[in-house]
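Source file: run-v1.txt; contents: compact mmCIF, C-alpha atoms.
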```txt
# COMPACT_ATOMS: atom_id res chain seq x y z
CA MET A 1192 9.31 -42.17 33.53
CA ASP A 1193 11.15 -45.46 33.37
CA LEU A 1194 14.73 -44.64 34.21
CA GLN A 1195 15.77 -48.17 35.13
CA GLY A 1196 15.09 -50.21 32.00
CA GLY A 1197 14.88 -49.35 28.31
CA GLY A 1198 14.58 -45.61 28.88
CA ARG A 1199 17.92 -45.37 30.58
CA ARG A 1200 19.62 -47.55 27.99
CA ALA A 1201 18.12 -45.37 25.26
CA ASP A 1202 19.57 -42.32 27.01
CA PHE A 1203 23.00 -43.85 26.56
CA VAL A 1204 22.34 -44.72 22.92
CA GLY A 1205 21.47 -41.05 22.53
CA LEU A 1206 24.68 -40.03 24.29
CA LEU A 1207 26.66 -42.20 21.89
CA ALA A 1208 24.83 -40.73 18.87
CA ARG A 1209 25.50 -37.22 20.17
CA LEU A 1210 29.19 -37.85 20.72
CA ILE A 1211 29.78 -39.59 17.36
CA LEU A 1212 27.99 -36.94 15.30
CA GLY A 1213 29.36 -34.07 17.40
CA VAL A 1214 33.00 -35.19 17.41
CA VAL A 1215 33.02 -35.90 13.65
CA LEU A 1216 31.52 -32.46 12.98
CA ILE A 1217 34.08 -30.72 15.22
CA VAL A 1218 36.99 -32.57 13.61
CA ALA A 1219 35.71 -31.91 10.09
CA GLY A 1220 35.15 -28.23 10.84
CA ALA A 1221 38.47 -27.75 12.64
CA LEU A 1222 40.44 -29.29 9.77
CA LYS A 1223 38.87 -26.83 7.33
CA VAL A 1224 38.36 -23.64 9.31
CA THR A 1225 41.96 -22.46 8.99
CA SER A 1226 41.92 -22.84 5.18
CA PRO A 1227 38.60 -21.28 4.14
CA ALA A 1228 39.73 -20.76 0.54
CA VAL A 1229 40.49 -24.48 0.22
CA SER A 1230 37.05 -25.28 1.65
CA ALA A 1231 35.41 -22.90 -0.83
CA ARG A 1232 37.21 -24.60 -3.75
CA ALA A 1233 36.19 -28.03 -2.47
CA VAL A 1234 32.53 -26.95 -2.56
CA ASN A 1235 33.01 -25.45 -6.01
CA ALA A 1236 34.52 -28.72 -7.27
CA PHE A 1237 31.12 -30.42 -6.83
CA GLN A 1238 29.88 -28.18 -9.69
CA ILE A 1239 26.42 -27.92 -8.15
CA LEU A 1240 26.22 -24.41 -6.73
CA PRO A 1241 27.01 -21.25 -8.70
CA TYR A 1242 30.58 -20.10 -8.12
CA GLU A 1243 29.81 -17.18 -5.78
CA VAL A 1244 27.33 -19.21 -3.71
CA ALA A 1245 29.80 -22.10 -3.44
CA ARG A 1246 32.40 -19.68 -2.07
CA TYR A 1247 30.18 -18.50 0.77
CA VAL A 1248 29.02 -22.03 1.56
CA GLY A 1249 32.65 -23.09 1.71
CA TYR A 1250 33.53 -20.27 4.08
CA ALA A 1251 30.53 -20.75 6.38
CA LEU A 1252 30.49 -24.55 6.50
CA PRO A 1253 33.47 -25.17 8.84
CA VAL A 1254 32.14 -22.62 11.35
CA VAL A 1255 28.66 -24.12 11.29
CA GLU A 1256 30.10 -27.63 11.69
CA ILE A 1257 32.13 -26.62 14.73
CA VAL A 1258 29.22 -24.79 16.40
CA VAL A 1259 26.77 -27.64 15.82
CA GLY A 1260 29.41 -30.17 16.89
CA VAL A 1261 30.06 -28.36 20.18
CA LEU A 1262 26.32 -28.10 20.89
CA LEU A 1263 25.94 -31.85 20.28
CA VAL A 1264 28.91 -32.88 22.39
CA THR A 1265 27.71 -30.75 25.29
CA GLY A 1266 24.10 -31.76 24.69
CA LEU A 1267 22.72 -28.25 24.41
CA PHE A 1268 19.62 -27.74 22.24
CA THR A 1269 20.05 -31.38 21.26
CA ARG A 1270 16.99 -31.72 19.02
CA LEU A 1271 17.69 -28.51 17.11
CA SER A 1272 21.43 -29.12 16.67
CA ALA A 1273 20.79 -32.73 15.64
CA ALA A 1274 18.28 -31.49 13.08
CA VAL A 1275 20.85 -29.07 11.65
CA GLY A 1276 23.53 -31.79 11.70
CA GLY A 1277 21.15 -34.20 9.98
CA LEU A 1278 20.30 -31.66 7.28
CA LEU A 1279 24.03 -31.10 6.72
CA MET A 1280 24.53 -34.86 6.29
CA LEU A 1281 21.62 -35.05 3.83
CA ALA A 1282 23.11 -32.16 1.84
CA PHE A 1283 26.52 -33.88 1.82
CA LEU A 1284 24.94 -37.14 0.69
CA VAL A 1285 23.12 -35.41 -2.16
CA GLY A 1286 26.37 -33.71 -3.22
CA ILE A 1287 28.52 -36.84 -3.03
CA ILE A 1288 26.01 -39.12 -4.77
CA SER A 1289 25.43 -36.49 -7.42
CA ALA A 1290 29.19 -36.15 -8.06
CA TRP A 1291 29.49 -39.94 -8.17
CA MET A 1292 26.64 -40.34 -10.66
CA ARG A 1293 27.96 -37.55 -12.88
CA GLY A 1294 31.28 -39.35 -13.05
CA LEU A 1295 33.30 -36.56 -11.45
CA SER A 1296 36.62 -37.57 -9.88
CA ILE A 1297 36.74 -35.39 -6.80
CA ASP A 1298 37.70 -35.62 -3.17
CA CYS A 1299 34.65 -34.55 -1.14
CA GLY A 1300 36.90 -32.28 0.94
CA CYS A 1301 34.89 -33.40 3.96
CA PHE A 1302 37.97 -33.29 6.19
CA GLY A 1303 39.96 -30.64 4.34
CA GLY A 1304 41.55 -30.81 0.92
CA GLY A 1305 39.16 -31.45 -1.93
CA GLY A 1306 39.10 -30.85 -5.65
CA SER A 1307 39.89 -33.15 -8.52
CA ILE A 1308 41.75 -36.36 -7.89
CA ASP A 1309 42.58 -39.40 -9.93
CA ALA A 1310 39.55 -41.58 -10.67
CA SER A 1311 41.24 -44.48 -8.87
CA GLN A 1312 41.50 -42.42 -5.67
CA THR A 1313 37.82 -41.58 -5.32
CA ARG A 1314 36.05 -43.18 -2.36
CA TYR A 1315 32.45 -42.23 -2.83
CA LEU A 1316 31.08 -45.42 -1.28
CA ALA A 1317 32.99 -44.93 1.98
CA ASP A 1318 31.88 -41.29 2.12
CA VAL A 1319 28.24 -42.24 1.51
CA LEU A 1320 28.31 -44.99 4.17
CA ARG A 1321 29.91 -42.66 6.72
CA ASP A 1322 27.45 -39.85 6.13
CA THR A 1323 24.51 -42.27 6.18
CA GLY A 1324 25.63 -43.51 9.59
CA LEU A 1325 25.97 -39.96 10.85
CA ALA A 1326 22.54 -39.07 9.46
CA ALA A 1327 21.15 -42.04 11.42
CA CYS A 1328 22.70 -40.63 14.62
CA ALA A 1329 21.04 -37.30 13.86
CA ALA A 1330 17.67 -38.97 13.17
CA TRP A 1331 17.79 -40.81 16.50
CA LEU A 1332 18.41 -37.54 18.35
CA VAL A 1333 15.67 -35.66 16.54
CA VAL A 1334 13.16 -38.40 17.41
CA ARG A 1335 14.46 -38.87 20.96
CA PRO A 1336 16.55 -35.85 22.05
CA ARG A 1337 16.68 -37.02 25.68
CA THR A 1338 20.22 -38.28 26.33
CA ALA A 1339 22.47 -39.05 29.29
CA TYR A 1340 24.84 -36.35 30.58
CA SER A 1341 23.39 -33.48 28.56
CA LEU A 1342 23.41 -29.79 29.30
CA ASP A 1343 19.78 -29.78 28.25
CA HIS A 1344 19.06 -32.00 31.24
CA GLN A 1345 21.22 -29.93 33.60
CA LEU A 1346 19.79 -26.59 32.57
CA PHE A 1347 16.21 -27.27 31.66
CA GLY A 1348 15.43 -30.40 33.65
CA MET B 1306 -9.75 -24.42 57.03
CA ARG B 1307 -8.48 -26.21 54.05
CA PRO B 1308 -4.93 -27.52 54.13
CA ASP B 1309 -2.43 -25.38 52.35
CA ALA B 1310 -1.80 -27.12 49.03
CA SER B 1311 0.38 -24.48 47.46
CA LYS B 1312 3.56 -26.52 47.93
CA LYS B 1313 2.00 -29.57 46.34
CA ILE B 1314 0.70 -27.49 43.51
CA ALA B 1315 4.11 -25.92 42.94
CA ALA B 1316 5.76 -29.34 42.96
CA ALA B 1317 3.22 -30.75 40.53
CA ALA B 1318 3.50 -27.85 38.12
CA PRO B 1319 5.74 -28.44 35.12
CA LYS B 1320 9.27 -27.26 35.75
CA LYS B 1321 9.97 -23.96 34.15
CA GLY B 1322 11.46 -24.78 30.78
CA PRO B 1323 14.11 -22.75 29.09
CA ASN B 1324 13.14 -19.22 28.30
CA PRO B 1325 12.20 -19.26 24.59
CA VAL B 1326 13.68 -15.77 24.26
CA ILE B 1327 17.07 -17.08 25.38
CA ILE B 1328 16.91 -20.05 23.02
CA GLY B 1329 15.96 -17.80 20.14
CA ALA B 1330 18.76 -15.39 20.99
CA VAL B 1331 21.35 -18.19 21.10
CA ILE B 1332 20.22 -19.58 17.73
CA ALA B 1333 20.23 -16.12 16.18
CA ALA B 1334 23.71 -15.41 17.61
CA VAL B 1335 25.10 -18.66 16.17
CA LEU B 1336 23.67 -17.92 12.73
CA ILE B 1337 24.88 -14.32 12.79
CA VAL B 1338 28.40 -15.40 13.77
CA ALA B 1339 28.50 -17.96 10.94
CA VAL B 1340 27.24 -15.47 8.36
CA VAL B 1341 29.58 -12.70 9.51
CA VAL B 1342 32.58 -15.03 9.43
CA ALA B 1343 31.62 -16.18 5.92
CA ILE B 1344 31.27 -12.63 4.64
CA VAL B 1345 34.51 -11.42 6.25
CA LEU B 1346 36.43 -14.37 4.81
CA GLY B 1347 34.66 -14.01 1.48
CA ASN B 1348 35.74 -10.43 1.14
CA SER B 1349 39.28 -11.04 2.34
CA GLY B 1350 39.72 -13.35 -0.66
CA LYS B 1351 38.95 -10.48 -2.97
CA SER B 1352 41.95 -8.36 -2.02
CA THR B 1353 42.36 -5.45 -4.33
CA GLY B 1354 45.54 -4.90 -6.28
CA THR B 1355 46.62 -2.20 -8.62
CA GLY B 1356 43.72 -2.79 -10.98
CA ALA B 1357 43.38 -3.35 -14.68
CA SER B 1358 46.54 -1.44 -15.51
CA ALA B 1359 48.63 -4.31 -14.16
CA GLN B 1360 47.88 -6.80 -16.93
CA PRO B 1361 51.16 -8.38 -18.02
CA SER B 1362 52.07 -8.09 -21.65
CA GLY B 1363 50.73 -11.05 -23.57
CA ALA B 1364 47.73 -11.32 -21.25
CA VAL B 1365 44.74 -12.66 -23.11
CA VAL B 1366 41.86 -10.25 -22.77
CA THR B 1367 39.03 -12.75 -22.42
CA ASP B 1368 37.04 -13.98 -19.44
CA ALA B 1369 39.26 -17.05 -19.31
CA GLY B 1370 42.46 -14.99 -18.97
CA GLY B 1371 45.96 -16.45 -19.21
CA ILE B 1372 49.13 -15.32 -20.94
CA LEU B 1373 49.78 -16.00 -24.62
CA ALA B 1374 53.14 -17.73 -24.74
CA ASN B 1375 53.78 -17.44 -28.48
CA ALA B 1376 56.46 -14.83 -29.18
CA SER B 1377 55.26 -14.52 -32.76
CA PRO B 1378 51.76 -15.22 -34.05
CA ALA B 1379 50.89 -18.89 -34.51
CA LYS B 1380 49.76 -20.26 -37.87
CA SER B 1381 46.18 -19.32 -38.67
CA ASN B 1382 45.02 -22.94 -38.54
CA ALA B 1383 46.85 -23.71 -35.28
CA PRO B 1384 44.66 -24.99 -32.44
CA THR B 1385 44.63 -23.31 -29.01
CA LEU B 1386 46.17 -25.06 -26.05
CA ASP B 1387 45.17 -23.79 -22.60
CA LEU B 1388 47.56 -24.92 -19.90
CA TYR B 1389 46.61 -24.49 -16.23
CA GLU B 1390 49.53 -24.92 -13.83
CA ASP B 1391 50.62 -24.00 -10.34
CA PHE B 1392 54.38 -23.57 -9.95
CA GLN B 1393 54.23 -25.49 -6.66
CA CYS B 1394 52.39 -28.48 -8.09
CA PRO B 1395 54.67 -31.53 -8.32
CA VAL B 1396 52.56 -33.22 -11.01
CA CYS B 1397 52.93 -30.02 -13.07
CA GLY B 1398 56.69 -30.40 -12.66
CA GLN B 1399 56.50 -33.96 -13.98
CA PHE B 1400 54.20 -32.80 -16.78
CA GLU B 1401 56.71 -30.12 -17.79
CA LYS B 1402 59.54 -32.64 -17.83
CA ALA B 1403 57.56 -34.99 -20.07
CA MET B 1404 55.70 -32.51 -22.30
CA GLY B 1405 57.38 -29.11 -21.86
CA PRO B 1406 60.04 -29.45 -24.59
CA SER B 1407 57.53 -30.75 -27.16
CA ILE B 1408 55.11 -27.95 -26.34
CA ALA B 1409 57.91 -25.36 -26.61
CA THR B 1410 58.88 -26.76 -30.03
CA MET B 1411 55.29 -26.57 -31.28
CA VAL B 1412 54.96 -23.03 -29.95
CA ALA B 1413 58.20 -21.95 -31.63
CA ALA B 1414 57.03 -23.46 -34.93
CA GLY B 1415 53.67 -21.73 -34.60
CA ASP B 1416 51.86 -25.09 -34.68
CA VAL B 1417 49.90 -24.25 -31.57
CA LYS B 1418 48.65 -21.16 -29.79
CA LEU B 1419 49.64 -21.67 -26.15
CA ILE B 1420 47.85 -19.82 -23.36
CA VAL B 1421 49.29 -20.44 -19.91
CA HIS B 1422 47.18 -19.87 -16.81
CA THR B 1423 49.45 -19.66 -13.76
CA LEU B 1424 47.30 -20.71 -10.83
CA SER B 1425 48.04 -20.04 -7.17
CA PHE B 1426 45.55 -22.13 -5.18
CA LEU B 1427 48.31 -24.27 -3.67
CA ASP B 1428 49.36 -21.31 -1.52
CA ASP B 1429 46.20 -21.92 0.50
CA ASN B 1430 46.85 -25.67 0.78
CA LEU B 1431 50.56 -25.29 1.58
CA LYS B 1432 50.17 -22.13 3.67
CA ASN B 1433 52.84 -20.12 1.90
CA ASP B 1434 52.86 -17.49 -0.87
CA SER B 1435 55.27 -19.05 -3.37
CA SER B 1436 52.64 -19.78 -6.02
CA LYS B 1437 51.47 -16.17 -6.07
CA ARG B 1438 55.00 -14.74 -5.98
CA SER B 1439 56.27 -16.99 -8.76
CA ALA B 1440 53.13 -16.37 -10.83
CA ASN B 1441 53.69 -12.62 -10.43
CA ALA B 1442 57.38 -13.09 -11.32
CA VAL B 1443 56.59 -14.98 -14.54
CA ALA B 1444 54.07 -12.26 -15.49
CA CYS B 1445 56.89 -9.73 -15.01
CA ALA B 1446 59.05 -11.93 -17.24
CA ALA B 1447 56.27 -11.79 -19.86
CA ASP B 1448 56.66 -8.00 -19.79
CA ALA B 1449 60.33 -8.59 -20.64
CA GLY B 1450 59.36 -10.95 -23.47
CA ARG B 1451 60.77 -13.97 -21.64
CA PHE B 1452 57.66 -15.75 -20.49
CA LEU B 1453 58.34 -19.32 -21.63
CA GLU B 1454 62.00 -19.11 -20.67
CA TYR B 1455 61.15 -18.02 -17.15
CA HIS B 1456 58.34 -20.56 -16.93
CA ALA B 1457 60.79 -23.34 -17.84
CA ALA B 1458 63.38 -22.07 -15.35
CA VAL B 1459 60.91 -22.22 -12.45
CA PHE B 1460 59.83 -25.77 -13.18
CA ALA B 1461 63.43 -26.87 -13.72
CA SER B 1462 64.20 -25.80 -10.14
CA GLN B 1463 61.01 -26.97 -8.50
CA PRO B 1464 61.75 -28.12 -4.93
CA THR B 1465 61.74 -31.90 -4.55
CA GLN B 1466 59.50 -31.57 -1.51
CA GLU B 1467 56.12 -29.95 -2.11
CA GLY B 1468 55.64 -26.89 0.07
CA LEU B 1469 59.22 -25.65 0.33
CA GLY B 1470 58.39 -22.96 -2.19
CA TYR B 1471 60.70 -20.40 -3.83
CA THR B 1472 62.84 -17.74 -2.18
CA ASP B 1473 63.16 -14.25 -3.67
CA ALA B 1474 66.80 -15.07 -4.47
CA GLN B 1475 65.64 -18.10 -6.46
CA LEU B 1476 63.09 -16.03 -8.37
CA THR B 1477 65.89 -13.61 -9.33
CA GLU B 1478 68.12 -16.51 -10.34
CA PHE B 1479 65.34 -17.71 -12.67
CA ALA B 1480 65.34 -14.27 -14.28
CA ASN B 1481 69.04 -14.67 -15.01
CA THR B 1482 68.46 -18.16 -16.39
CA ALA B 1483 65.65 -16.79 -18.57
CA GLY B 1484 68.06 -14.22 -20.04
CA ILE B 1485 66.56 -11.10 -18.49
CA THR B 1486 69.50 -8.69 -18.18
CA GLY B 1487 70.42 -5.02 -17.97
CA PRO B 1488 67.59 -2.46 -17.81
CA ALA B 1489 65.05 -5.24 -18.38
CA LEU B 1490 66.27 -6.91 -15.18
CA THR B 1491 65.85 -3.67 -13.25
CA THR B 1492 62.28 -3.35 -14.55
CA TRP B 1493 61.64 -7.01 -13.74
CA GLN B 1494 62.91 -6.52 -10.20
CA ARG B 1495 60.68 -3.51 -9.64
CA CYS B 1496 57.72 -5.41 -11.08
CA THR B 1497 58.42 -8.42 -8.88
CA SER B 1498 59.08 -6.65 -5.60
CA SER B 1499 56.01 -4.40 -5.98
CA GLY B 1500 53.80 -7.33 -6.90
CA GLN B 1501 52.73 -5.41 -9.97
CA HIS B 1502 50.64 -8.27 -11.36
CA ALA B 1503 49.31 -9.51 -8.01
CA GLN B 1504 45.72 -8.70 -8.91
CA TYR B 1505 46.15 -10.33 -12.30
CA VAL B 1506 47.36 -13.50 -10.54
CA LEU B 1507 44.28 -13.55 -8.29
CA ASP B 1508 41.99 -12.92 -11.25
CA THR B 1509 43.59 -15.79 -13.16
CA GLN B 1510 42.86 -18.16 -10.27
CA THR B 1511 39.25 -16.97 -10.02
CA ALA B 1512 38.71 -17.26 -13.77
CA ALA B 1513 40.03 -20.83 -13.74
CA GLU B 1514 37.71 -21.82 -10.90
CA LYS B 1515 34.77 -20.30 -12.73
CA ALA B 1516 35.80 -22.33 -15.78
CA GLY B 1517 35.63 -25.49 -13.65
CA VAL B 1518 39.39 -26.06 -13.46
CA ASN B 1519 40.01 -27.39 -9.95
CA SER B 1520 43.23 -29.32 -10.35
CA THR B 1521 46.58 -28.88 -12.03
CA PRO B 1522 47.92 -29.56 -14.54
CA THR B 1523 44.86 -29.18 -16.76
CA LEU B 1524 45.34 -29.04 -20.50
CA LYS B 1525 42.57 -27.93 -22.83
CA LEU B 1526 42.82 -28.32 -26.59
CA ASN B 1527 40.44 -25.92 -28.34
CA GLY B 1528 38.53 -25.72 -25.07
CA LYS B 1529 38.24 -29.48 -24.51
CA ASP B 1530 39.90 -30.96 -21.44
CA ILE B 1531 42.38 -33.57 -22.71
CA THR B 1532 44.44 -33.96 -19.52
CA LYS B 1533 43.41 -37.55 -18.85
CA THR B 1534 44.05 -38.69 -22.42
CA LEU B 1535 47.72 -37.72 -22.33
CA THR B 1536 50.22 -40.49 -21.83
CA THR B 1537 53.31 -39.32 -23.67
CA ALA B 1538 54.47 -36.20 -25.49
CA GLU B 1539 53.73 -38.06 -28.73
CA SER B 1540 50.07 -38.43 -27.79
CA LEU B 1541 49.87 -34.67 -27.31
CA ILE B 1542 51.55 -33.95 -30.63
CA THR B 1543 49.15 -36.35 -32.36
CA GLN B 1544 46.12 -34.68 -30.81
CA VAL B 1545 47.38 -31.22 -31.76
CA LYS B 1546 47.85 -32.40 -35.36
CA LEU B 1547 44.33 -33.82 -35.42
CA ALA B 1548 42.96 -30.52 -34.11
CA THR B 1549 44.80 -28.53 -36.80
CA LYS B 1550 42.27 -27.55 -39.45
```
Represent the structure from my file as structure tokens, please.
Amino acid sequence: MDLQGGGRRADFVGLLARLILGVVLIVAGALKVTSPAVSARAVNAFQILPYEVARYVGYALPVVEIVVGVLLVTGLFTRLSAAVGGLLMLAFLVGIISAWMRGLSIDCGCFGGGGSIDASQTRYLADVLRDTGLAACAAWLVVRPRTAYSLDHQLFG
Amino acid sequence: MRPDASKKIAAAAPKKGPNPVIIGAVIAAVLIVAVVVAIVLGNSGKSTGTGASAQPSGAVVTDAGGILANASPAKSNAPTLDLYEDFQCPVCGQFEKAMGPSIATMVAAGDVKLIVHTLSFLDDNLKNDSSKRSANAVACAADAGRFLEYHAAVFASQPTQEGLGYTDAQLTEFANTAGITGPALTTWQRCTSSGQHAQYVLDTQTAAEKAGVNSTPTLKLNGKDITKTLTTAESLITQVKLATK
């Protein structure tokens, strides 16, 4: 395998993708995990899932984000955790774009908080751009899970 | 004799990958942890109180809940105003300053049927219990027939900084301001300290979320959300008049 040229550079692109997606997921999860009820209400405010389902999604989401984020930062099961992270981003994008198109005025609650806000305070475009970028990081890792400084490499060669 | 090639063969063989059993176990463990945490947290939100017996007087027995604020029945053609507020919400405080007196006048005249939903979600945001305690206290005041008076007293003393909350001494002071005295005050105190309407308060929050109310204040006129159309007290009075059949 070519470790000197493009391959090695690509390993570092992968490392960057892993760290960006992983750190954002850890931060987002950590900001919400201590206020699960707030997280549940933020999910409910999207008015997509039935109330009871939204509650459980809201409770589980911060934990899942932290777990996947830690796996990505350490580079363990990179392809699988990137796939889960990518699916999360796609789900967030669907939710945010749907709320935007339905004319709701909500905070996505991505980093805590959430619920209705003034129409002038919504920032759907910024949320969509951010999550699209993160989904791109996930896509890179699913296609090419080999990255520099990963536990996958240390443990499984 | 052929040369021993076993070392070469071993070196050429693919390195032993991760044991699929271990990978599967790790994935399963992660999922189980997430699901267990979600269920534990989900059930902790549904804390049980003293049950249906603890409905405050004036509680509206519908899925939407809330407390009817009219002391005497409103006119038969009066529209229904549903007001969703959290006692710790600063915008609710501003709303009460601007609209409260006009609403109280309309209620007293029987021009509107006012149902107040005292929410408590800000406790989770602010990490205290003042919304739930004050919502329980105002429900106890409803038992004493002093709902609107107590409601006004709380908002009049809302802390300038969001999150400071209300002390028990303040809640008692509001009872005095609301004119709850003598034996009624003793009953109110027992009701407040035992959290008699705690379950009712939680149910009110849940009912509001199910009804799609996720911010305060929210004002519904005959079921229609008019919060964003309100600019002044006059605009509310006008809308109420238009909704009067």
**OP:** Write out as a ChimeraX atom specification which residues come within 6 Å of segment 1390-1399 of chain B when counting all atoms listed in the file, dropping same-chain ones fewer than 6 positions away.
**Re:** /B:1423-1425,1436,1460,1521-1522
**OP:** Write down, as a PyMOL selection string, each residue of chain A that has any atom within 10 Å of an atom of chain B, counting only C-alpha atoms.
**Re:** chain A and resi 1225-1233+1235-1238+1241-1243+1246-1256+1258-1259+1268+1271-1272+1297+1303-1310+1343+1346-1348
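Using all atoms listed in the file, the smallest distance between any of A:Leu1284, A:Val1204, A:Ile1257, A:Ala1290 and Ala1326 of chain A comes from A:Leu1284.
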Original post:
Between A:Val1264, A:Leu1342, A:Leu1279, A:Val1234, which has the minimum distance to Ala1208 of chain A (counting all atoms listed in the file)?
Top reply: A:Val1264
**OP:** Write out as a list in words each polymer residue whose atoms come within 10 Å of Ser1377 of chain B, counting only C-alpha atoms; drop sequence neighbours fewer than 4 positions from it.
**Re:** Leu1373, Val1412, Ala1413, Ala1414, Gly1415 and Lys1418 of chain B
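Rounded to one decimal, atom CA of Asp1368 of chain B and atom CA of Asn1382 of chain B lie 22.6 Å from each other.
A straight line drawn from atom CA of Thr1338 of chain A to atom CA of Gly1205 of chain A is 4.9 Å long.
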Original post:
What does the distance from atom CA of Arg1293 of chain A to atom CA of Ser1311 of chain A come to in Å, to one decimal?
Top reply: 15.5 Å
List as a CSV table (one decimal) with C-alpha atoms, keeping the file's coordinate frame the protein and nucleic acid residues near segment 1402-1411 of chain B, meaning an atom at most 10 Å away when all atoms listed in the file are counted, but skip any in the same chain fewer than 3 places from it.
```csv
chain,number,residue,atom,x,y,z
B,1374,ALA,CA,53.1,-17.7,-24.7
B,1375,ASN,CA,53.8,-17.4,-28.5
B,1379,ALA,CA,50.9,-18.9,-34.5
B,1383,ALA,CA,46.8,-23.7,-35.3
B,1386,LEU,CA,46.2,-25.1,-26.0
B,1396,VAL,CA,52.6,-33.2,-11.0
B,1397,CYS,CA,52.9,-30.0,-13.1
B,1398,GLY,CA,56.7,-30.4,-12.7
B,1399,GLN,CA,56.5,-34.0,-14.0
B,1414,ALA,CA,57.0,-23.5,-34.9
B,1415,GLY,CA,53.7,-21.7,-34.6
B,1416,ASP,CA,51.9,-25.1,-34.7
B,1417,VAL,CA,49.9,-24.2,-31.6
B,1418,LYS,CA,48.6,-21.2,-29.8
B,1419,LEU,CA,49.6,-21.7,-26.2
B,1453,LEU,CA,58.3,-19.3,-21.6
B,1454,GLU,CA,62.0,-19.1,-20.7
B,1456,HIS,CA,58.3,-20.6,-16.9
B,1457,ALA,CA,60.8,-23.3,-17.8
B,1460,PHE,CA,59.8,-25.8,-13.2
B,1461,ALA,CA,63.4,-26.9,-13.7
B,1535,LEU,CA,47.7,-37.7,-22.3
B,1536,THR,CA,50.2,-40.5,-21.8
B,1537,THR,CA,53.3,-39.3,-23.7
B,1538,ALA,CA,54.5,-36.2,-25.5
B,1539,GLU,CA,53.7,-38.1,-28.7
B,1540,SER,CA,50.1,-38.4,-27.8
B,1541,LEU,CA,49.9,-34.7,-27.3
B,1542,ILE,CA,51.6,-34.0,-30.6
B,1545,VAL,CA,47.4,-31.2,-31.8
```
Original post:
With only C-alpha atoms as the atoms that count, which of B:Leu1469, B:Ala1548, B:Val1326, B:Ala1442 lies nearest to Thr1497 of chain B?
Top reply: B:Ala1442
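Closest approach to Ile1287 of chain A among A:Gln1345, A:Val1319, A:Thr1313, A:Thr1265 is made by A:Val1319 (distances from all atoms listed in the file).
Residues within 7 Å of Ile1217 of chain A, counting all atoms listed in the file and excluding same-chain residues fewer than 2 positions away, are Gly1213, Val1214, Val1215, Ala1219, Gly1220, Ala1221, Glu1256, Ile1257, Gly1260 and Val1261 of chain A.
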Subject >> Nearest-residue call for Ala1458 of chain B, choices B:Ala1483, B:Cys1445, B:Ala1359, B:Ala1489, using all atoms listed in the file >> reply: B:Ala1483
